[in-house]
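Novice: So here's work_2.txt (compact mmCIF, C-alpha atoms).
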```
# COMPACT_ATOMS: atom_id res chain seq x y z
CA MET Y 31 -7.71 -11.40 43.23
CA ARG Y 32 -9.16 -14.08 41.01
CA THR Y 33 -7.16 -15.23 38.00
CA LYS Y 34 -7.95 -14.15 34.49
CA THR Y 35 -8.40 -16.87 31.89
CA PRO Y 36 -7.79 -16.49 28.15
CA LEU Y 37 -11.06 -18.33 27.58
CA GLN Y 38 -13.09 -15.79 29.51
CA ALA Y 39 -11.27 -12.86 27.91
CA ASP Y 40 -12.06 -14.41 24.56
CA LYS Y 41 -15.74 -14.76 25.40
CA ILE Y 42 -15.94 -11.14 26.49
CA LEU Y 43 -14.29 -10.00 23.27
CA ARG Y 44 -16.58 -12.11 21.10
CA VAL Y 45 -19.64 -10.69 22.84
CA ALA Y 46 -18.32 -7.13 22.71
CA ALA Y 47 -17.60 -7.47 19.00
CA ARG Y 48 -21.20 -8.54 18.40
CA LEU Y 49 -22.48 -5.62 20.47
CA PHE Y 50 -20.32 -3.03 18.77
CA ALA Y 51 -21.51 -4.35 15.42
CA THR Y 52 -24.98 -3.01 16.14
CA HIS Y 53 -24.21 -0.19 18.60
CA HIS Y 54 -21.73 2.61 18.16
CA PHE Y 55 -18.95 2.86 20.71
CA HIS Y 56 -20.55 5.64 22.72
CA GLN Y 57 -23.93 3.86 22.74
CA ALA Y 58 -22.69 0.43 23.85
CA ARG Y 59 -22.76 0.20 27.64
CA ARG Y 60 -20.35 -1.82 29.75
CA GLU Y 61 -23.31 -3.23 31.67
CA ASP Y 62 -24.70 -4.69 28.46
CA ILE Y 63 -21.36 -6.22 27.51
CA ALA Y 64 -21.01 -7.76 30.96
CA ALA Y 65 -24.56 -9.11 30.87
CA ALA Y 66 -24.20 -10.55 27.38
CA ALA Y 67 -20.90 -12.20 28.33
CA GLU Y 68 -22.57 -13.55 31.48
CA VAL Y 69 -19.99 -12.02 33.78
CA GLY Y 70 -20.30 -9.40 36.50
CA LYS Y 71 -19.25 -5.80 35.92
CA GLY Y 72 -16.37 -6.37 38.34
CA THR Y 73 -15.08 -9.29 36.28
CA LEU Y 74 -15.31 -7.25 33.08
CA TYR Y 75 -13.37 -4.50 34.82
CA ARG Y 76 -10.61 -6.92 35.83
CA TYR Y 77 -10.08 -7.87 32.19
CA PHE Y 78 -10.47 -4.46 30.61
CA LYS Y 79 -10.20 -1.45 32.84
CA ASP Y 80 -12.29 0.80 30.59
CA LYS Y 81 -14.20 0.81 27.33
CA GLU Y 82 -11.15 2.20 25.55
CA GLU Y 83 -9.03 -0.78 26.60
CA LEU Y 84 -11.74 -3.17 25.49
CA TYR Y 85 -11.89 -1.39 22.17
CA LEU Y 86 -8.16 -1.62 21.58
CA ALA Y 87 -8.18 -5.31 22.51
CA LEU Y 88 -10.93 -5.89 19.95
CA LEU Y 89 -8.96 -4.06 17.30
CA GLU Y 90 -5.86 -6.08 18.06
CA ARG Y 91 -7.82 -9.28 17.89
CA ALA Y 92 -9.22 -8.32 14.49
CA ALA Y 93 -5.76 -7.30 13.27
CA GLU Y 94 -4.39 -10.72 14.23
CA GLY Y 95 -7.32 -12.44 12.54
CA LEU Y 96 -6.74 -10.66 9.25
CA SER Y 97 -2.98 -11.21 9.37
CA SER Y 98 -3.30 -14.93 9.98
CA ARG Y 99 -5.76 -15.24 7.11
CA LEU Y 100 -3.31 -13.52 4.76
CA VAL Y 101 -0.43 -15.64 6.08
CA GLU Y 102 -2.45 -18.76 5.28
CA LEU Y 103 -2.79 -17.63 1.67
CA GLU Y 104 0.97 -17.44 1.35
CA THR Y 105 1.22 -21.18 1.86
CA LEU Y 106 -0.90 -21.83 -1.24
CA ALA Y 107 0.81 -22.42 -4.57
CA LEU Y 108 -0.76 -19.65 -6.64
CA GLY Y 109 0.44 -17.47 -9.49
CA PRO Y 110 0.63 -13.72 -8.81
CA ARG Y 111 -2.72 -12.89 -10.37
CA ASP Y 112 -4.60 -15.66 -8.60
CA ARG Y 113 -2.82 -14.74 -5.39
CA LEU Y 114 -3.86 -11.12 -5.80
CA GLU Y 115 -7.47 -12.21 -6.34
CA ALA Y 116 -7.33 -14.49 -3.30
CA MET Y 117 -5.98 -11.64 -1.16
CA VAL Y 118 -8.69 -9.24 -2.34
CA GLU Y 119 -11.28 -11.93 -1.70
CA SER Y 120 -9.89 -12.47 1.82
CA LEU Y 121 -9.99 -8.75 2.60
CA ILE Y 122 -13.57 -8.45 1.39
CA SER Y 123 -14.83 -11.47 3.29
CA PHE Y 124 -12.94 -10.59 6.47
CA PHE Y 125 -14.41 -7.09 6.66
CA ASP Y 126 -17.86 -8.34 5.71
CA GLU Y 127 -17.64 -10.91 8.52
CA HIS Y 128 -16.54 -8.18 10.97
CA PRO Y 129 -18.93 -5.34 10.18
CA HIS Y 130 -17.89 -3.42 13.30
CA LEU Y 131 -14.25 -3.27 12.19
CA PHE Y 132 -14.46 0.03 10.31
CA ASP Y 133 -15.99 1.64 13.38
CA LEU Y 134 -13.23 0.20 15.55
CA ILE Y 135 -10.52 1.55 13.29
CA GLN Y 136 -12.16 4.94 12.87
CA HIS Y 137 -12.80 5.26 16.56
CA ALA Y 138 -9.19 4.41 17.39
CA GLU Y 139 -7.99 6.94 14.83
CA VAL Y 140 -10.27 9.69 16.10
CA MET Y 141 -9.38 9.06 19.74
CA SER Y 142 -5.63 8.65 19.33
CA SER Y 143 -3.45 11.71 19.12
CA HIS Y 144 -1.57 12.37 15.89
CA ASP Y 145 1.71 10.91 17.08
CA GLN Y 146 0.30 7.85 18.82
CA GLU Y 147 0.39 4.49 17.06
CA ILE Y 148 -2.90 2.66 16.79
CA PRO Y 149 -2.79 -1.15 16.70
CA TRP Y 150 -4.29 -1.26 13.21
CA ASN Y 151 -1.43 0.67 11.58
CA ARG Y 152 0.93 -2.28 11.67
CA THR Y 153 -1.65 -4.52 10.02
CA ARG Y 154 -2.20 -1.91 7.33
CA GLN Y 155 1.52 -1.65 6.65
CA GLU Y 156 1.87 -5.43 6.56
CA THR Y 157 -1.03 -5.72 4.14
CA VAL Y 158 0.52 -3.05 1.89
CA ALA Y 159 3.83 -4.97 1.97
CA ARG Y 160 2.12 -8.29 1.13
CA LEU Y 161 0.29 -6.78 -1.83
CA ARG Y 162 3.45 -5.06 -3.05
CA LYS Y 163 5.25 -8.39 -2.99
CA VAL Y 164 2.61 -9.99 -5.21
CA LEU Y 165 2.81 -7.12 -7.69
CA GLU Y 166 6.56 -7.41 -7.78
CA GLU Y 167 6.35 -11.17 -8.37
CA GLY Y 168 4.03 -10.52 -11.29
CA GLU Y 169 6.50 -8.01 -12.67
CA GLU Y 170 9.41 -10.44 -12.36
CA LEU Y 171 7.44 -13.08 -14.23
CA GLY Y 172 6.58 -10.51 -16.93
CA LEU Y 173 2.85 -10.87 -16.24
CA PHE Y 174 2.23 -7.21 -15.54
CA ARG Y 175 4.21 -4.05 -15.11
CA VAL Y 176 3.58 -1.87 -12.10
CA ALA Y 177 5.54 1.36 -12.23
CA ASP Y 178 4.85 2.55 -8.72
CA PRO Y 179 3.80 -0.41 -6.52
CA GLU Y 180 3.34 1.75 -3.42
CA LEU Y 181 0.88 4.05 -5.20
CA SER Y 182 -0.89 1.15 -6.90
CA VAL Y 183 -1.35 -0.76 -3.67
CA LEU Y 184 -2.76 2.29 -1.88
CA LEU Y 185 -5.22 2.86 -4.73
CA LEU Y 186 -6.26 -0.80 -4.61
CA LEU Y 187 -6.66 -0.98 -0.83
CA GLY Y 188 -8.48 2.35 -0.58
CA GLY Y 189 -10.74 1.31 -3.41
CA ILE Y 190 -11.63 -1.94 -1.66
CA ARG Y 191 -12.41 0.02 1.49
CA ALA Y 192 -14.87 2.26 -0.38
CA VAL Y 193 -16.56 -0.73 -2.02
CA LEU Y 194 -16.91 -2.43 1.36
CA ARG Y 195 -18.36 0.66 3.00
CA PHE Y 196 -20.56 2.02 0.24
CA GLY Y 197 -20.89 -0.75 -2.35
CA GLN Y 198 -23.98 -2.83 -2.99
CA GLN Y 199 -24.96 -5.67 -0.68
CA PRO Y 200 -25.09 -8.60 -1.11
CA ARG Y 201 -21.74 -8.50 -2.92
CA PRO Y 202 -21.69 -9.51 -6.59
CA PRO Y 203 -20.44 -13.13 -6.71
CA ASP Y 204 -17.30 -12.33 -8.69
CA LEU Y 205 -16.37 -9.08 -6.95
CA ALA Y 206 -12.72 -9.89 -6.19
CA ARG Y 207 -12.06 -11.12 -9.72
CA GLN Y 208 -13.69 -8.02 -11.19
CA ILE Y 209 -11.73 -5.66 -8.93
CA VAL Y 210 -8.43 -7.30 -9.86
CA ALA Y 211 -9.23 -7.36 -13.60
CA CYS Y 212 -10.16 -3.67 -13.58
CA PHE Y 213 -7.16 -2.84 -11.40
CA LEU Y 214 -4.62 -4.59 -13.63
CA GLN Y 215 -6.19 -3.97 -17.04
CA GLY Y 216 -7.99 -0.69 -16.50
CA HIS Y 217 -11.55 0.41 -15.79
CA GLY Y 218 -11.86 1.90 -19.26
CA THR Y 219 -11.02 -1.27 -21.16
CA PRO Y 220 -13.07 -4.25 -22.38
CA ALA Y 221 -10.98 -6.53 -20.12
CA CYS Y 222 -12.62 -4.94 -17.09
CA SER Y 223 -16.05 -5.07 -18.74
CA LEU Y 224 -15.68 -8.75 -19.58
CA ALA Y 225 -14.78 -9.56 -16.00
CA SER Y 226 -18.20 -8.52 -14.75
CA MET M 298 -29.54 39.31 22.77
CA ARG M 299 -26.93 40.59 20.36
CA THR M 300 -27.28 39.76 16.71
CA LYS M 301 -25.15 37.14 15.00
CA THR M 302 -23.31 38.17 11.86
CA PRO M 303 -22.25 35.82 9.04
CA LEU M 304 -18.85 37.52 9.09
CA GLN M 305 -18.20 36.64 12.70
CA ALA M 306 -19.49 33.10 12.24
CA ASP M 307 -17.14 32.80 9.31
CA LYS M 308 -14.19 34.01 11.32
CA ILE M 309 -14.93 31.53 14.11
CA LEU M 310 -15.15 28.68 11.61
CA ARG M 311 -11.89 29.65 9.91
CA VAL M 312 -10.10 29.75 13.25
CA ALA M 313 -11.67 26.50 14.42
CA ALA M 314 -10.65 24.77 11.20
CA ARG M 315 -7.04 25.85 11.76
CA LEU M 316 -7.17 24.62 15.35
CA PHE M 317 -8.69 21.26 14.50
CA ALA M 318 -6.01 20.81 11.86
CA THR M 319 -3.38 20.52 14.59
CA HIS M 320 -5.48 19.29 17.53
CA HIS M 321 -7.84 16.37 17.58
CA PHE M 322 -11.46 17.10 18.38
CA HIS M 323 -11.23 15.99 21.99
CA GLN M 324 -8.02 17.97 22.54
CA ALA M 325 -9.20 21.28 21.06
CA ARG M 326 -10.76 23.44 23.79
CA ARG M 327 -13.56 25.91 23.25
CA GLU M 328 -11.59 28.50 25.21
CA ASP M 329 -8.77 28.26 22.69
CA ILE M 330 -11.14 28.61 19.76
CA ALA M 331 -12.78 31.66 21.34
CA ALA M 332 -9.39 33.23 22.13
CA ALA M 333 -8.01 32.61 18.65
CA ALA M 334 -11.17 34.04 17.06
CA GLU M 335 -10.90 37.04 19.41
CA VAL M 336 -14.40 36.55 20.79
CA GLY M 337 -15.62 35.81 24.28
CA LYS M 338 -16.75 32.31 25.27
CA GLY M 339 -20.30 33.66 25.52
CA THR M 340 -20.18 34.89 21.92
CA LEU M 341 -18.84 31.56 20.72
CA TYR M 342 -21.67 29.86 22.59
CA ARG M 343 -24.27 32.07 20.88
CA TYR M 344 -23.05 30.92 17.47
CA PHE M 345 -22.42 27.26 18.23
CA LYS M 346 -24.02 25.83 21.32
CA ASP M 347 -21.45 23.05 21.74
CA LYS M 348 -18.32 21.63 20.15
CA GLU M 349 -20.46 19.14 18.26
CA GLU M 350 -22.43 21.91 16.56
CA LEU M 351 -19.22 23.72 15.67
CA TYR M 352 -17.87 20.53 14.21
CA LEU M 353 -20.93 19.92 12.05
CA ALA M 354 -20.84 23.53 10.82
CA LEU M 355 -17.20 23.05 9.83
CA LEU M 356 -18.05 19.88 7.97
CA GLU M 357 -20.90 21.56 6.14
CA ARG M 358 -18.65 24.45 5.19
CA ALA M 359 -16.06 22.04 3.79
CA ALA M 360 -18.75 20.11 1.91
CA GLU M 361 -19.95 23.33 0.26
CA GLY M 362 -16.38 24.30 -0.60
CA LEU M 363 -15.71 21.03 -2.37
CA SER M 364 -19.05 21.07 -4.18
CA SER M 365 -18.54 24.57 -5.52
CA ARG M 366 -15.08 23.66 -6.76
CA LEU M 367 -16.47 20.68 -8.65
CA VAL M 368 -19.35 22.79 -10.03
CA GLU M 369 -16.78 25.27 -11.37
CA LEU M 370 -15.08 22.50 -13.29
CA GLU M 371 -18.32 21.68 -15.04
CA THR M 372 -18.30 25.10 -16.71
CA LEU M 373 -14.97 24.30 -18.42
CA ALA M 374 -14.98 22.88 -21.93
CA LEU M 375 -13.06 19.67 -21.34
CA GLY M 376 -13.16 16.22 -22.86
CA PRO M 377 -14.10 13.36 -20.50
CA ARG M 378 -10.54 12.27 -19.77
CA ASP M 379 -9.27 15.78 -19.08
CA ARG M 380 -12.36 16.41 -16.99
CA LEU M 381 -11.71 13.27 -14.98
CA GLU M 382 -8.12 14.38 -14.39
CA ALA M 383 -9.26 17.86 -13.38
CA MET M 384 -11.76 16.38 -10.92
CA VAL M 385 -9.15 14.08 -9.38
CA GLU M 386 -6.76 17.02 -9.18
CA SER M 387 -9.45 19.11 -7.44
CA LEU M 388 -10.19 16.39 -4.91
CA ILE M 389 -6.50 15.98 -4.09
CA SER M 390 -5.81 19.68 -3.71
CA PHE M 391 -8.99 20.31 -1.73
CA PHE M 392 -8.21 17.64 0.86
CA ASP M 393 -4.55 18.65 1.01
CA GLU M 394 -5.63 22.25 1.66
CA HIS M 395 -8.01 21.06 4.41
CA PRO M 396 -5.89 18.56 6.33
CA HIS M 397 -8.43 18.43 9.17
CA LEU M 398 -11.21 17.25 6.87
CA PHE M 399 -10.63 13.51 7.27
CA ASP M 400 -10.80 13.93 11.03
CA LEU M 401 -14.02 15.92 10.70
CA ILE M 402 -15.63 13.25 8.55
CA GLN M 403 -14.42 10.37 10.72
CA HIS M 404 -15.48 12.09 13.88
CA ALA M 405 -18.94 12.76 12.50
CA GLU M 406 -19.26 9.15 11.38
CA VAL M 407 -18.11 7.78 14.73
CA MET M 408 -20.39 10.09 16.71
CA SER M 409 -23.51 9.74 14.59
CA SER M 410 -25.78 6.79 15.08
CA HIS M 411 -26.12 4.31 12.24
CA ASP M 412 -29.37 5.72 10.91
CA GLN M 413 -28.51 9.39 11.24
CA GLU M 414 -27.37 11.31 8.18
CA ILE M 415 -24.09 13.14 8.45
CA PRO M 416 -23.66 16.29 6.33
CA TRP M 417 -20.81 14.80 4.35
CA ASN M 418 -22.90 11.95 2.91
CA ARG M 419 -24.67 14.18 0.42
CA THR M 420 -21.36 15.56 -0.84
CA ARG M 421 -20.04 12.04 -1.22
CA GLN M 422 -23.10 10.99 -3.19
CA GLU M 423 -22.90 14.09 -5.38
CA THR M 424 -19.22 13.46 -6.07
CA VAL M 425 -19.98 9.86 -7.01
CA ALA M 426 -22.72 11.09 -9.38
CA ARG M 427 -20.42 13.68 -10.99
CA LEU M 428 -17.70 11.12 -11.61
CA ARG M 429 -20.22 8.63 -12.99
CA LYS M 430 -21.43 11.25 -15.44
CA VAL M 431 -17.90 11.80 -16.77
CA LEU M 432 -17.36 8.06 -17.20
CA GLU M 433 -20.66 7.79 -19.05
CA GLU M 434 -19.72 10.69 -21.33
CA GLY M 435 -16.46 8.93 -22.15
CA GLU M 436 -18.39 5.80 -22.94
CA GLU M 437 -20.83 7.64 -25.25
CA LEU M 438 -17.91 9.16 -27.13
CA GLY M 439 -16.30 5.70 -27.43
CA LEU M 440 -13.23 6.83 -25.48
CA PHE M 441 -13.45 4.18 -22.81
CA ARG M 442 -15.80 1.45 -21.71
CA VAL M 443 -16.81 1.25 -18.09
CA ALA M 444 -18.90 -1.82 -17.36
CA ASP M 445 -19.98 -0.91 -13.85
CA PRO M 446 -19.61 2.85 -13.30
CA GLU M 447 -20.80 2.69 -9.70
CA LEU M 448 -18.15 0.13 -8.76
CA SER M 449 -15.45 1.93 -10.75
CA VAL M 450 -16.20 5.29 -9.14
CA LEU M 451 -16.11 3.79 -5.64
CA LEU M 452 -12.76 2.16 -6.39
CA LEU M 453 -11.40 5.44 -7.75
CA LEU M 454 -12.64 7.60 -4.87
CA GLY M 455 -11.57 5.15 -2.18
CA GLY M 456 -8.19 4.85 -3.84
CA ILE M 457 -7.73 8.62 -3.83
CA ARG M 458 -8.65 8.68 -0.15
CA ALA M 459 -5.94 6.15 0.68
CA VAL M 460 -3.33 8.04 -1.35
CA LEU M 461 -4.28 11.27 0.42
CA ARG M 462 -4.09 9.68 3.85
CA PHE M 463 -1.10 7.40 3.47
CA GLY M 464 0.68 8.44 0.27
CA GLN M 465 3.97 10.27 0.07
CA GLN M 466 4.21 14.01 0.72
CA PRO M 467 4.86 16.29 -1.06
CA ARG M 468 2.66 14.83 -3.78
CA PRO M 469 4.33 13.79 -7.04
CA PRO M 470 3.74 16.63 -9.54
CA ASP M 471 1.67 14.53 -11.94
CA LEU M 472 -0.31 12.57 -9.38
CA ALA M 473 -3.81 13.18 -10.82
CA ARG M 474 -2.70 12.31 -14.36
CA GLN M 475 -1.03 9.15 -13.14
CA ILE M 476 -4.04 8.06 -11.08
CA VAL M 477 -6.38 8.53 -14.05
CA ALA M 478 -4.03 6.77 -16.49
CA CYS M 479 -3.69 3.77 -14.17
CA PHE M 480 -7.41 3.81 -13.44
CA LEU M 481 -8.48 3.82 -17.09
CA GLN M 482 -5.70 1.74 -18.61
CA GLY M 483 -4.73 -0.52 -15.73
CA HIS M 484 -2.02 -0.64 -13.11
CA GLY M 485 -0.43 -3.66 -14.77
CA THR M 486 0.04 -2.05 -18.19
CA PRO M 487 2.78 0.09 -19.75
CA ALA M 488 0.25 2.94 -20.14
CA CYS M 489 0.19 3.35 -16.36
CA SER M 490 3.98 3.02 -16.17
CA LEU M 491 4.50 5.66 -18.85
CA ALA M 492 2.24 8.09 -17.02
CA SER M 493 4.61 8.28 -14.10
```
Please render this file's structure as structure tokens.
Specialist:
Amino acid sequence: MRTKTPLQADKILRVAARLFATHHFHQARREDIAAAAEVGKGTLYRYFKDKEELYLALLERAAEGLSSRLVELETLALGPRDRLEAMVESLISFFDEHPHLFDLIQHAEVMSSHDQEIPWNRTRQETVARLRKVLEEGEELGLFRVADPELSVLLLLGGIRAVLRFGQQPRPPDLARQIVACFLQGHGTPACSLAS
Amino acid sequence: MRTKTPLQADKILRVAARLFATHHFHQARREDIAAAAEVGKGTLYRYFKDKEELYLALLERAAEGLSSRLVELETLALGPRDRLEAMVESLISFFDEHPHLFDLIQHAEVMSSHDQEIPWNRTRQETVARLRKVLEEGEELGLFRVADPELSVLLLLGGIRAVLRFGQQPRPPDLARQIVACFLQGHGTPACSLAS
């Protein structure tokens, strides 16, 4: 049996990601992925034994990509508000650069049974924890008060998801700043209006 | 061919909804749905030719249920802020009463092709429009200023979705009031803290 190389696996995943961006899971054919990656069907099969396995590998790859981008941000010397904006900006640009990611996540959620962990869940929990930490830093510095960080973070993350899925394209230039201003200071206040 | 009756269709849908609440789409078997609805497989087939059709009928039924609940609210004499709270409260209780609904929506989105309309989209657009209207009423009355109602409504709705999916259960008693207070006055302000 021939060896598998990380480089070839990587190429297959890059190609598959592109294909899934324009074709839904059940429409994308393994033949097309193999052809686009310039490998035989047998080779594809050696790396990923079925479409499901390929899908999960893609999701894991995306999860790692997002995590490492958020980890990078933590090395920057930023105040809590700027850090929050930078994180929101990172989330928006990451999902916009990976337009197939919502499909991947939804597909994994639909296909997994209720008690089975999907690879995205850990990333979601980590992202929630990172955002919580920033809110708590802001609280400690007296910059803002967040009564229920868990609830606030869920509202923020879910809100970003809806904007990404259903909001206008191209994105307004200052979207992350506006989202954070409205989040912290309220959608019904001039502070949020001035941000736009 | 025997006639179909709305009553029997209704019974099948009620049973199927219960079944899909505990079993994912691909795990729920048509035999089980037929048995639980006390009809033969042939009868089930006459009403819904495949599981996909049954699924779409369920989604349409849920969409109508949510719409009619929101229409009811419009008959009440409420100020914009109370109306907003009542709408958020309705959304939360409706989805909590229909725990299978997220699966239905996700499944329909995953299975439909990119250009095909799924029955939930209209309900989503209507809900966005209803919420926009309330924000605009509040603005006219000088109660709050919302610079970009479309963006604000998406952030609110997406946020509610995340709380419903990943938030603590049982729900805090004042969840809708808290969400609206934090939404209008900001998560980083004492107004949001006091609401909890």
Novice: Counting all atoms listed in the file, what is within 9 Å of Leu114 of chain Y, bar same-chain residues fewer than 3 positions away, as a list in words?
Specialist: Gly109, Pro110, Arg111, Met117, Val118, Glu119, Leu161, Val164, Leu165, Ala206 and Val210 of chain Y
Novice: What does the distance between atom CA of Gly218 of chain Y and atom CA of Ser390 of chain M come to in Å, to one decimal place?
Specialist: 24.4 Å
Novice: Distance cut-off 9 Å, counting only C-alpha atoms - which residues of chain Y neighbour chain M? Return them as a ChimeraX atom specification.
Specialist: /Y:52-57,133,136-137,139-144,165,168-169,173-193,196-198,209,211-220,222-226
Novice: Separation of atom CA of Ala383 of chain M and atom CA of Phe317 of chain M, in Å?
Specialist: 28.1 Å
Novice: To one decimal place, how far is atom CA of Arg366 of chain M from atom CA of Leu316 of chain M in Å?
Specialist: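 So the two atoms, atom CA of Arg366 of chain M and atom CA of Leu316 of chain M, lie 23.5 Å apart.
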Novice: Can you list, as a list in words, every protein, DNA or RNA residue that comes within 9 Å of segment 85-96 of chain Y when you count all atoms listed in the file, leaving out same-chain residues fewer than 4 positions away?
Specialist: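 Using all atoms listed in the file, the neighbours found are Leu43, Arg44, Ala46, Ala47, Phe55, Phe78, Asp80, Lys81, Leu100, Val101, Ser120, Leu121, Phe124, Phe125, His128, Leu131, Leu134, Ile135, His137, Ala138, Ile148, Pro149, Trp150, Arg152, Thr153 and Arg154 of chain Y.
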Novice: Which is closest to Arg76 of chain Y among Y:Leu171, Y:Ala58, Y:Ala39, Y:Ile122, if we use all atoms listed in the file?
Specialist: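 Checking each candidate against Arg76 of chain Y, we get Y:Ala39 as the closest.
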Novice: Once you add 3 Å to each side, what are the centre and edge lengths of the axis-aligned box holding all listed atoms of segment 56-73 of chain Y? One decimal in Å, as AutoDock Vina command-line options, if you can.
Specialist:
```
--center_x -19.9 --center_y -4.0 --center_z 30.5 --size_x 15.6 --size_y 25.2 --size_z 21.6
```
Novice: Using all atoms listed in the file, which residues sit within 12 Å of Glu335 of chain M once same-chain residues fewer than 2 positions away are excluded, as a VMD selection string?
Specialist: chain M and resid 305 to 306 308 to 309 312 to 313 328 to 333 337 to 341
